Number of protein chains: 4
Amino acid sequence: MTTVDLLRVPTAGPEDTGATRALAAAGHTTADLLAVVGKTEGNGCVNDFSRTLAAARWEPLLPPETVTVFSGGTEGVLSPHVNLLVADPGPHPGHDRGLVGAAGRTRALAPAEVGREPQLTAVREVVAGLTARLGLTADEVDLVLVKCPLLTSERVAACRAAGAEPVTEDTYESMARSRAAAALGIAVALGECTPDEARHALAEGERGGRGGPAEVWSSRASASAGAELTDCHILVLGTSRAASGPLRAVHGTMRDAIDLAALTGLFEQVRAEGGEVVQVFAKAEADPAGTVRGARHTMLTDSDLHSTRHARAAVGGLLSALAGHTALYVSGGAEHQGPPGGGSVTVVYRVPPAAGLA
Amino acid sequence: MTTVDLLRVPTAGPEDTGATRALAAAGHTTADLLAVVGKTEGNGCVNDFSRTLAAARWEPLLPPETVTVFSGGTEGVLSPHVNLLVADPGPHPGHDRGLVGAAGRTRALAPAEVGREPQLTAVREVVAGLTARLGLTADEVDLVLVKCPLLTSERVAACRAAGAEPVTEDTYESMARSRAAAALGIAVALGECTPDEARHALAEGERGGRGGPAEVWSSRASASAGAELTDCHILVLGTSRAASGPLRAVHGTMRDAIDLAALTGLFEQVRAEGGEVVQVFAKAEADPAGTVRGARHTMLTDSDLHSTRHARAAVGGLLSALAGHTALYVSGGAEHQGPPGGGSVTVVYRVPPAAGLA
Amino acid sequence: MTTVDLLRVPTAGPEDTGATRALAAAGHTTADLLAVVGKTEGNGCVNDFSRTLAAARWEPLLPPETVTVFSGGTEGVLSPHVNLLVADPGPHPGHDRGLVGAAGRTRALAPAEVGREPQLTAVREVVAGLTARLGLTADEVDLVLVKCPLLTSERVAACRAAGAEPVTEDTYESMARSRAAAALGIAVALGECTPDEARHALAEGERGGRGGPAEVWSSRASASAGAELTDCHILVLGTSRAASGPLRAVHGTMRDAIDLAALTGLFEQVRAEGGEVVQVFAKAEADPAGTVRGARHTMLTDSDLHSTRHARAAVGGLLSALAGHTALYVSGGAEHQGPPGGGSVTVVYRVPPAAGLA
Amino acid sequence: MTTVDLLRVPTAGPEDTGATRALAAAGHTTADLLAVVGKTEGNGCVNDFSRTLAAARWEPLLPPETVTVFSGGTEGVLSPHVNLLVADPGPHPGHDRGLVGAAGRTRALAPAEVGREPQLTAVREVVAGLTARLGLTADEVDLVLVKCPLLTSERVAACRAAGAEPVTEDTYESMARSRAAAALGIAVALGECTPDEARHALAEGERGGRGGPAEVWSSRASASAGAELTDCHILVLGTSRAASGPLRAVHGTMRDAIDLAALTGLFEQVRAEGGEVVQVFAKAEADPAGTVRGARHTMLTDSDLHSTRHARAAVGGLLSALAGHTALYVSGGAEHQGPPGGGSVTVVYRVPPAAGLA
């Protein structure tokens, strides 16, 4: 069980690793890093080289067990930045709980496994292991962040050369299938659905149709796909009563992309505890029904701009106004990461020590 | 002076003129229409044929004096719709004021005049005339909506063939210059700057640089450019003490794209009067400084997606959540229509009749 | 059997119907028009309103039996224009053959029928009927041009509301499925495959995978999809020994997007007959294998720009250089309209009368 | 004077430096590398991180004096690859001439210098120096390849913070201004225009207008801009009678984007010498007049897709068909690198040794 701190540091570009200076200024070294979680300014889609560039620059600086999660797409007001998740054991007197975290990786996945049950299973096992290692119950987990692979034209061809048909030959669609498999693995690990429901939902999605039953989803999952890796990078965060630290998290669910009530509820809880928002992790997507509260949206018929870019921009605009800053982690494509058209939201916040506890 | 009603009607596509049924259901004919103000689902840029399509379908149905203003771009959650501004003289007992409106057109502008002083002057004169016709003081004007021309490759070539250099040869940039000229014409007409300040700001903008002094802007201007016209279509709305009607408007200014305080203030004023929001008209843009509250944004370095699309998506996401619906009029490119990076906002709302007045 | 002429007229925009003046100058009226076949300057994808705009302007001018085929996308050097196919019975002495044409429509297709066997069958029947009406053998047909419907978010929702699952919920992908069904209908009608092979290929494609067996395709099919119609518009052209006229056509197949040999062969045949190229109709697509002659292309991993836009630009650049002008009909997405990565090509040309025949 | 070889190696992605294996297989080490010249698969515009990624991977492997030139954009059929320019002194008996090359860098340019005379001068000086070092006359130079900086939002802001106005605040337009300054520096160095003509053309371009007089251009210049550097990387290639090697080059000029005659001429010259094409370096651009041979193109009014992407796709399609392969160096934006709408073309080819000379 590792109490963690979160340093949110702006970047001048995907190649900018200057955040290591902020790390040092906070008294840490890269050996303390559990994860580097960044928003980079590519298109967030298949050919987003900003993610690969960030990974290429960061990974040589990191211990082998530290994971990177770079999520592309800072549409609208969103600001490129990195979140450094650092082990910060304290002591932090005056706190009756604290944010804890752990990171891990699945094995590398073959192209034919992407978006299918082997990926689901691999993610589920790592999430379960990390949760156990943190001593958290499933309910105490506030966020499971996953970076998972996608299929490029080359991986599609490799898959077929190996005699198997990939989950899809559409490279953009492969991102959705990979996110879905990861999210369902999380949902099973956190007891939000049964293995059978997850398998069924995954198979439904592969057959096309609606991407599986709407009711099967995790309220803590945040998965994003990229061409820069072939395994899955996983970070689990939770608020533990066995830990003591100034950071905490709450999580909730946006029912749709304009669910102000859900967000207001979370922000009010933070304020009620005297907290200050450190970071928001949110998923966003175009409602697959083509409407938001009954009114038609055009995200799914816009052939110039993929729907995940639309969704990040819109939800990012809303969250930035509520948070008062724009360096937020908003990720697009929320398959099984909230109800259709909505998405999971986790707010990490800092509270002052309580007099009675200090 | 014409008391007006506003009917907000969803559209199934740019070509959809079915809103005439809603008009009839409300007891009106097209003869009552001052203006048809729509959001259409194109890219909102130079080659946005959704605006031309909407105009091509609507204009044969309308009296010659009715103006159309189609603003392209429903990025993110925004929903395509039309706003029908109809003369609705009443009587509407129980109201000590009411929303009034008038519409007009400038003469057709030559390509060399677009984005330059002749356009500024033409807009200023029509706005002044419409304001006078409505018996409004400049302060009582809540919104001046303008649809103005842009330069296509053909118009650039025609300009040069006529021996003149256009304000810019960059067709996308010509939209900004045209909006700027229109907005500065409005600012002069409403006494928000002097003619000299406006001229200077326009010349500054043409020379490149920052688009003119940041301090010269109108808080009521909303201009959008399109290839579908060569004159400017203008609609003036204001709240008049000499009128009596259920609609009113308030206007304000977003200082930046996440100015929640400004919006909350406007929405609270509506609520304080017992009102219900009918429509929001807002301008949005990428802050030309490249930052929002000190944090870098990427809207001006994204060569795949023009900044006006980013801005509409982000501000549209915020406004939709506050308004509770997505069929809002959010228009991109706010040159002199609010401070740099911000934009003008007008909320039209409906109040019940007051017992004492009825 | 109708001998036809082809007038190729540039357009100033999708809304430009000024080609009627060229029609009149050639001694024709709109009553002589079999078809208006245009390239319009939208994105050629789902939200291409340039097609709808062109149709909205042209259709009121046309007799009910005249069909329109507007294909979006003039990427690269391609130039927007219309091709007017007019009945021109002559007499045209001095020709031992001539280009003949006929046009028709299928019934309107329900959303659930798009991209499936009912569409294939409907197209097949109309093509067979038109071919018979022209007195052509299948081999004499040089081009079957089809405009077919696609699925928007609204049509997907309508389909599901009616209890059926659409062929795909991805609106861009629905264009490919619709083109495939139309092309396979043509292939069956022209005897290029058996009904069973076509059905099998269509089913394969719907299951994802490779879009069906590569070997099933028509060398004369050119299908493009659009949101502006729900039936299929069909034009059949062929060179008939029973007709006498100055126009002829040859058709061939590009094996890949840089198949210079195939094109050179066609152009040389034209020259050998003393002919002058009037128009080229070509299909283009990204090779689904992700390579061109073994070298990787990036059209299928570019999430900013759909592959049909890439393909039109590249093939349009090549064909324009060979033809010496840029107002060509190059259409993207060649499912079953040539081998994978290639496409059908038809050259219409004009020959002088032969002395011995005149 | 260094005789050079050119190895053209496909890449699996911008991060792929596996071409070092081909280098070794050819008997070379990275110490022999004059330059790594690659086409990477980004958008070729401001936010093209594929270039930065390639540079980040390659530069640690290279000697300090080796330059990199990564040009983004493999639209259409173009295939990502690198060209390794290696010193290959021979002996190569049997050749009465040979391709020679040299590479260098300018000093880093301040943001206010980009696109202005200091950049022109810096490029001119380095080109003149490299040409002299190679013992080439200006006429013997076949290609000057330049990678030059652009302005990002941050550089624009830095410029203004330093009290200077940048050449433009439009980041995409800054690429054009930077290419223009580099090209004019080359033109002066090669005696293709006078310093005064170059200065005048540059100033014209900065004032907007047509980007300077059309007649001032270099037939050997190929400049591309990127955010990944602040100096200019320069490679000069020429065919020297004082060298002996199997490679040669010819250069020419496309008068427009479909100038088949110019290309045919070059390819025929290669064939006449018994040569085999190794690589083609070409510039491409949208004709600023908005037309190609009198027919309207839409590259300058397409707000979804920048004109350089259109141009690369179209010219790349044509050149690939002529060359028979798609791994060509086609770069977009040809300001002063050929006549307006055209571009410079250099063909590098290999000839067998001549019996009489061996």
# chains A, B, ... in the order shown; residues from 1 in each chain; ligands from 1

call {"tool": "interface_residues", "arguments": {"of": "chain A", "to": "chain B", "cutoff": "6 Å", "atoms": "only C-alpha atoms", "output": "list of chain:residue names"}}
result
A:Gly76, A:Val77, A:Ser79, A:Ile258, A:Leu260, A:Arg296, A:His297, A:His310, A:Ala311, A:Ala313, A:Ala314, A:Val315, A:Gly317, A:Leu318, A:Ala321

call {"tool": "write_last_selection", "arguments": {"atoms": "N, CA, C and O atoms", "output": "short mmCIF file (atom, residue, chain, number, x, y, z; two decimals), in the first residue's frame"}}
result
data_model
loop_
_atom_site.label_atom_id
_atom_site.label_comp_id
_atom_site.auth_asym_id
_atom_site.auth_seq_id
_atom_site.Cartn_x
_atom_site.Cartn_y
_atom_site.Cartn_z
N GLY A 76 -10.37 21.94 -27.77
CA GLY A 76 -10.98 23.06 -27.07
C GLY A 76 -9.98 23.70 -26.13
O GLY A 76 -8.84 23.97 -26.51
N VAL A 77 -10.39 23.93 -24.91
CA VAL A 77 -9.54 24.66 -23.96
C VAL A 77 -8.54 23.77 -23.24
O VAL A 77 -7.68 24.28 -22.50
N SER A 79 -5.54 21.70 -21.77
CA SER A 79 -4.14 22.11 -21.80
C SER A 79 -3.22 20.91 -21.59
O SER A 79 -3.39 20.13 -20.65
N ILE A 258 -23.67 16.46 -20.65
CA ILE A 258 -23.97 17.76 -20.02
C ILE A 258 -24.53 17.57 -18.61
O ILE A 258 -25.33 18.37 -18.14
N LEU A 260 -24.54 18.24 -15.50
CA LEU A 260 -24.04 19.21 -14.53
C LEU A 260 -24.31 18.75 -13.10
O LEU A 260 -23.49 18.96 -12.20
N ARG A 296 -30.76 16.08 -31.35
CA ARG A 296 -29.78 15.48 -32.24
C ARG A 296 -28.40 16.11 -32.08
O ARG A 296 -28.26 17.31 -32.05
N HIS A 297 -27.36 15.28 -31.97
CA HIS A 297 -26.00 15.81 -32.10
C HIS A 297 -25.44 15.31 -33.42
O HIS A 297 -26.01 14.44 -34.06
N HIS A 310 -14.70 15.54 -30.74
CA HIS A 310 -15.85 16.36 -30.36
C HIS A 310 -16.13 16.24 -28.86
O HIS A 310 -16.34 17.24 -28.17
N ALA A 311 -16.16 14.99 -28.40
CA ALA A 311 -16.59 14.75 -27.02
C ALA A 311 -15.61 15.32 -26.01
O ALA A 311 -16.00 15.91 -25.00
N ALA A 313 -13.66 17.87 -26.43
CA ALA A 313 -13.76 19.33 -26.45
C ALA A 313 -14.93 19.82 -25.62
O ALA A 313 -14.81 20.76 -24.83
N ALA A 314 -16.07 19.16 -25.80
CA ALA A 314 -17.28 19.62 -25.13
C ALA A 314 -17.21 19.39 -23.61
O ALA A 314 -17.45 20.31 -22.82
N VAL A 315 -16.87 18.18 -23.23
CA VAL A 315 -16.82 17.88 -21.79
C VAL A 315 -15.64 18.60 -21.15
O VAL A 315 -15.73 19.06 -20.00
N GLY A 317 -14.63 21.56 -21.97
CA GLY A 317 -15.05 22.94 -21.76
C GLY A 317 -15.86 23.09 -20.49
O GLY A 317 -15.65 24.02 -19.69
N LEU A 318 -16.75 22.15 -20.29
CA LEU A 318 -17.58 22.17 -19.08
C LEU A 318 -16.75 21.97 -17.82
O LEU A 318 -16.82 22.75 -16.87
N ALA A 321 -14.45 24.89 -16.82
CA ALA A 321 -15.14 26.02 -16.18
C ALA A 321 -15.45 25.71 -14.72
O ALA A 321 -15.29 26.55 -13.85
#

call {"tool": "residues_around", "arguments": {"residues": "Asp5 (chain D)", "least_positions_apart": "5", "cutoff": "8 Å", "atoms": "only C-alpha atoms", "output": "ChimeraX atom specification"}}
result
/D:84-88,99,247

call {"tool": "atom_distance", "arguments": {"atom1": "CA of Ala203 (chain D)", "atom2": "CA of Val216 (chain B)"}}
result
29.3 Å

call {"tool": "atom_distance", "arguments": {"atom1": "CA of Ala26 (chain A)", "atom2": "CA of Val280 (chain A)"}}
result
21.0 Å

call {"tool": "select_by_dssp", "arguments": {"residues": "region 9-161 of chain D", "states": "alpha helix (DSSP H)", "output": "VMD selection string"}}
result
chain D and resid 19 to 25 49 to 58 117 to 133 153 to 161

call {"tool": "write_last_selection", "arguments": {"atoms": "N, CA and C atoms", "output": "CSV table (one decimal), in the first residue's frame"}}
result
chain,number,residue,atom,x,y,z
D,19,ALA,N,16.4,1.5,-40.3
D,19,ALA,CA,17.2,1.7,-41.5
D,19,ALA,C,18.7,1.6,-41.3
D,20,THR,N,19.1,1.7,-40.0
D,20,THR,CA,20.5,1.6,-39.7
D,20,THR,C,21.0,0.2,-40.1
D,21,ARG,N,20.1,-0.8,-40.1
D,21,ARG,CA,20.5,-2.1,-40.5
D,21,ARG,C,20.8,-2.2,-42.0
D,22,ALA,N,20.0,-1.5,-42.8
D,22,ALA,CA,20.3,-1.4,-44.2
D,22,ALA,C,21.6,-0.6,-44.5
D,23,LEU,N,21.8,0.3,-43.6
D,23,LEU,CA,23.1,1.1,-43.7
D,23,LEU,C,24.3,0.1,-43.5
D,24,ALA,N,24.2,-0.7,-42.5
D,24,ALA,CA,25.2,-1.6,-42.1
D,24,ALA,C,25.4,-2.7,-43.3
D,25,ALA,N,24.2,-3.1,-43.8
D,25,ALA,CA,24.3,-4.1,-44.8
D,25,ALA,C,25.0,-3.6,-46.1
D,49,PHE,N,3.7,15.9,-35.2
D,49,PHE,CA,4.7,15.3,-34.2
D,49,PHE,C,5.4,14.1,-34.7
D,50,SER,N,5.0,13.7,-35.9
D,50,SER,CA,5.8,12.6,-36.5
D,50,SER,C,7.2,13.0,-36.9
D,51,ARG,N,7.3,14.3,-37.3
D,51,ARG,CA,8.7,14.8,-37.6
D,51,ARG,C,9.5,14.8,-36.3
D,52,THR,N,8.9,15.4,-35.3
D,52,THR,CA,9.7,15.5,-34.0
D,52,THR,C,10.0,14.1,-33.5
D,53,LEU,N,9.1,13.2,-33.6
D,53,LEU,CA,9.4,11.8,-33.1
D,53,LEU,C,10.5,11.2,-33.9
D,54,ALA,N,10.5,11.4,-35.2
D,54,ALA,CA,11.6,10.8,-36.0
D,54,ALA,C,13.0,11.5,-35.6
D,55,ALA,N,12.9,12.8,-35.5
D,55,ALA,CA,14.2,13.5,-35.1
D,55,ALA,C,14.6,13.0,-33.7
D,56,ALA,N,13.7,12.8,-32.8
D,56,ALA,CA,14.1,12.4,-31.4
D,56,ALA,C,14.7,11.0,-31.4
D,57,ARG,N,14.3,10.2,-32.3
D,57,ARG,CA,14.8,8.8,-32.4
D,57,ARG,C,16.1,8.8,-33.2
D,58,TRP,N,16.2,9.6,-34.2
D,58,TRP,CA,17.4,9.5,-35.1
D,58,TRP,C,18.6,10.3,-34.5
D,117,GLU,N,14.5,38.5,-43.6
D,117,GLU,CA,15.8,38.6,-44.2
D,117,GLU,C,16.9,37.9,-43.5
D,118,PRO,N,17.0,37.9,-42.2
D,118,PRO,CA,18.0,37.2,-41.5
D,118,PRO,C,18.0,35.7,-41.8
D,119,GLN,N,16.8,35.1,-42.0
D,119,GLN,CA,16.8,33.7,-42.4
D,119,GLN,C,17.3,33.5,-43.8
D,120,LEU,N,16.8,34.4,-44.7
D,120,LEU,CA,17.2,34.3,-46.1
D,120,LEU,C,18.8,34.4,-46.2
D,121,THR,N,19.3,35.3,-45.4
D,121,THR,CA,20.8,35.5,-45.5
D,121,THR,C,21.5,34.3,-44.9
D,122,ALA,N,21.0,33.8,-43.8
D,122,ALA,CA,21.7,32.7,-43.2
D,122,ALA,C,21.7,31.4,-44.1
D,123,VAL,N,20.5,31.2,-44.7
D,123,VAL,CA,20.5,30.1,-45.7
D,123,VAL,C,21.4,30.3,-46.9
D,124,ARG,N,21.3,31.5,-47.4
D,124,ARG,CA,22.2,31.8,-48.6
D,124,ARG,C,23.6,31.5,-48.3
D,125,GLU,N,24.1,32.0,-47.1
D,125,GLU,CA,25.5,31.8,-46.8
D,125,GLU,C,25.9,30.3,-46.6
D,126,VAL,N,25.0,29.6,-46.0
D,126,VAL,CA,25.4,28.1,-45.9
D,126,VAL,C,25.3,27.4,-47.2
D,127,VAL,N,24.3,27.7,-48.0
D,127,VAL,CA,24.3,27.1,-49.3
D,127,VAL,C,25.5,27.5,-50.2
D,128,ALA,N,25.9,28.7,-50.1
D,128,ALA,CA,27.1,29.2,-50.9
D,128,ALA,C,28.3,28.4,-50.4
D,129,GLY,N,28.4,28.3,-49.1
D,129,GLY,CA,29.6,27.6,-48.5
D,129,GLY,C,29.6,26.1,-48.9
D,130,LEU,N,28.5,25.5,-48.8
D,130,LEU,CA,28.4,24.0,-49.2
D,130,LEU,C,28.7,23.8,-50.6
D,131,THR,N,28.2,24.7,-51.5
D,131,THR,CA,28.4,24.6,-52.9
D,131,THR,C,29.9,24.7,-53.2
D,132,ALA,N,30.5,25.7,-52.6
D,132,ALA,CA,31.9,25.9,-52.8
D,132,ALA,C,32.7,24.7,-52.3
D,133,ARG,N,32.3,24.2,-51.1
D,133,ARG,CA,33.1,23.1,-50.6
D,133,ARG,C,33.0,21.9,-51.5
D,153,SER,N,2.4,28.9,-31.3
D,153,SER,CA,1.9,29.9,-30.4
D,153,SER,C,2.9,30.4,-29.4
D,154,GLU,N,3.7,29.5,-28.9
D,154,GLU,CA,4.7,29.9,-27.9
D,154,GLU,C,5.7,30.8,-28.5
D,155,ARG,N,6.2,30.5,-29.7
D,155,ARG,CA,7.2,31.3,-30.3
D,155,ARG,C,6.6,32.7,-30.7
D,156,VAL,N,5.4,32.7,-31.1
D,156,VAL,CA,4.7,34.0,-31.4
D,156,VAL,C,4.7,34.9,-30.1
D,157,ALA,N,4.3,34.2,-29.0
D,157,ALA,CA,4.3,35.0,-27.7
D,157,ALA,C,5.7,35.4,-27.3
D,158,ALA,N,6.6,34.5,-27.5
D,158,ALA,CA,8.0,34.9,-27.1
D,158,ALA,C,8.5,36.0,-27.9
D,159,CYS,N,8.2,36.0,-29.1
D,159,CYS,CA,8.6,37.1,-30.0
D,159,CYS,C,8.0,38.5,-29.5
D,160,ARG,N,6.7,38.4,-29.2
D,160,ARG,CA,6.1,39.7,-28.7
D,160,ARG,C,6.6,40.1,-27.4
D,161,ALA,N,6.9,39.1,-26.5
D,161,ALA,CA,7.4,39.4,-25.2
D,161,ALA,C,8.8,40.1,-25.4

call {"tool": "residues_around", "arguments": {"residues": "region 134-145 of chain B", "least_positions_apart": "3", "cutoff": "6 Å", "atoms": "only C-alpha atoms", "output": "list in words"}}
result
Met1, Thr131, Leu190, Arg220, Ala221, Ser222, Ala223, Ile234, Leu235, Val236, Leu237, Gly238, Thr239 and His251 of chain B

call {"tool": "atom_distance", "arguments": {"atom1": "CA of Val278 (chain B)", "atom2": "CA of Val348 (chain B)"}}
result
5.5 Å

call {"tool": "residues_around", "arguments": {"residues": "Thr253 (chain C)", "least_positions_apart": "2", "cutoff": "8 Å", "atoms": "only C-alpha atoms", "output": "JSON, numbers by chain"}}
result
{"C": [219, 251, 255, 262, 338, 342, 343, 344, 345]}
